[in-house]
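A.B. asks: Here you go, one structure.
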Amino acid sequence: MISGEDEYLRSKVMTASPYRLHLMVIDEMLRHSRLALTSIELEDFETSHQELVHARKFCAEVLIGIRDDTAPDLAANVKDYFLHVQKYLFMADMQQDRTAAAKAIELIEGYRESWIELNNRLTAAS
């Protein structure tokens with residue numbers, strides 16, 4: 001049986017624009033990364049590992065979704081960016097490294113801000 005919360009999330013995903021879906025993935029990657037950093041700081045390494053596994057799954061989703069048929073150079077740059085995020089998430093997990101987790105969060109936040117700004121500019125131009 002599907003709970004009300006699960007049904008709400010399902011509905012939200014099914015009706016979201018591609019822009020919003022991408023932002024939802026970025027937000028989940030960021031949320032799990034932040035939870036992992038907090039867990040590392042608390043020396044709760046099992047929780048940090050689980051959160052970083054989730055964050056890396058969302059990062060992999062971004063990487064899988066990058067299409068290079070329209071703008072191959074841009075796609076390559078975005079792939080490189082998220083491969084760096086993935087590297088920092090992996091380092092944070094394997095070494096329980098606070099600095100690596102913080103760097104991953106910084107990169108994700110920077111990308112998120114750019115993504116929102118791009119959408120705002122495209123919306124204004126329409």
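Residues are named by chain letter and number: chains run A, B, ... in the order of the structure tokens, numbers start at 1 in each chain, and ligands are numbered from 1 in the order shown.
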When you look at region 96-99 of chain A with a cut-off of 8 Å (counting only C-alpha atoms), what residues show up, excluding the ones that are within fewer than 3 positions of it in the same chain? I need them as a count of residues only.
C.D. replies: 10
A.B. asks: Mind pulling up the distance from CA of Ser17 (chain A) to CA of Ser126 (chain A)?
C.D. replies: 16.1 Å
A.B. asks: With a distance cut-off of 12 Å and only C-alpha atoms, select the neighbouring residues of Ile64 (chain A), excluding the residue or stretch itself and same-chain residues fewer than 6 positions from it, and output the selection as number ranges by chain.
C.D. replies: A: 22, 57-58, 75, 78-79, 82-83
A.B. asks: Would you save the residues from that selection as a tab-separated table (two decimals), in the first residue's frame, using C-alpha atoms?
C.D. replies:
```
chain	number	residue	atom	x	y	z
A	22	HIS	CA	16.71	17.95	-12.41
A	57	LYS	CA	23.42	7.48	-6.52
A	58	PHE	CA	21.88	10.89	-7.21
A	75	ALA	CA	27.92	18.24	-21.88
A	78	VAL	CA	29.06	19.24	-16.95
A	79	LYS	CA	30.17	15.59	-16.89
A	82	PHE	CA	29.90	15.93	-11.65
A	83	LEU	CA	32.78	13.47	-11.90
```
A.B. asks: Residues at most 9 Å from Glu61 (chain A), counting only C-alpha atoms, excluding those fewer than 5 positions away in the same chain, as a ChimeraX atom specification?
C.D. replies: /A:25,56,66
A.B. asks: Any idea what's packed within 8 Å of Cys59 (chain A), counting only C-alpha atoms, ignoring anything in its chain fewer than 6 positions away? Could you give it as number ranges by chain?
C.D. replies: A: 26, 29, 82, 85-86
A.B. asks: For the residues in the current selection, export N, CA and C atoms as a short mmCIF file (atom, residue, chain, number, x, y, z; two decimals), in the first residue's frame.
C.D. replies:
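Result file is result_32.cif:
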```cif
data_model
loop_
_atom_site.label_atom_id
_atom_site.label_comp_id
_atom_site.auth_asym_id
_atom_site.auth_seq_id
_atom_site.Cartn_x
_atom_site.Cartn_y
_atom_site.Cartn_z
N ILE A 26 19.24 17.23 -7.80
CA ILE A 26 20.32 18.02 -7.21
C ILE A 26 20.04 18.26 -5.73
N MET A 29 20.72 15.12 -3.76
CA MET A 29 22.16 14.90 -3.65
C MET A 29 22.74 15.81 -2.56
N PHE A 82 30.52 16.92 -12.52
CA PHE A 82 29.90 15.93 -11.65
C PHE A 82 30.81 14.74 -11.37
N VAL A 85 32.48 15.99 -8.37
CA VAL A 85 31.58 15.82 -7.22
C VAL A 85 31.62 14.37 -6.76
N GLN A 86 31.50 13.45 -7.71
CA GLN A 86 31.51 12.02 -7.39
C GLN A 86 32.82 11.63 -6.69
#
```
A.B. asks: Set the distance at 9 Å and use only C-alpha atoms: which residues neighbour His32 (chain A) once local chain neighbours fewer than 4 positions away are removed? I'd like the list as number ranges by chain.
C.D. replies: A: 27-28, 36-37, 48, 50-55
A.B. asks: For Ala101 (chain A), which residue out of A:Arg67, A:Arg20, A:Arg121, A:Lys87 is the nearest one, using only C-alpha atoms?
C.D. replies: A:Lys87
A.B. asks: Work out how far CA of Glu109 (chain A) is from CA of Leu30 (chain A), in Å to one decimal.
C.D. replies: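 Separating CA of Leu30 (chain A) from CA of Glu109 (chain A) is a distance of 7.3 Å.
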A.B. asks: Would you compute the distance between CA of Tyr19 (chain A) and CA of Asp68 (chain A)? Give it in Å to one decimal.
C.D. replies: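 Taking CA of Tyr19 (chain A) and CA of Asp68 (chain A), their separation equals 17.0 Å.
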A.B. asks: Rank nothing, just name the residue among A:Ala100, A:Leu107, A:Asn119, A:Pro18 nearest to Tyr88 (chain A), using only C-alpha atoms.
C.D. replies: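 Using only C-alpha atoms, Tyr88 (chain A) sits closest to A:Ala100.
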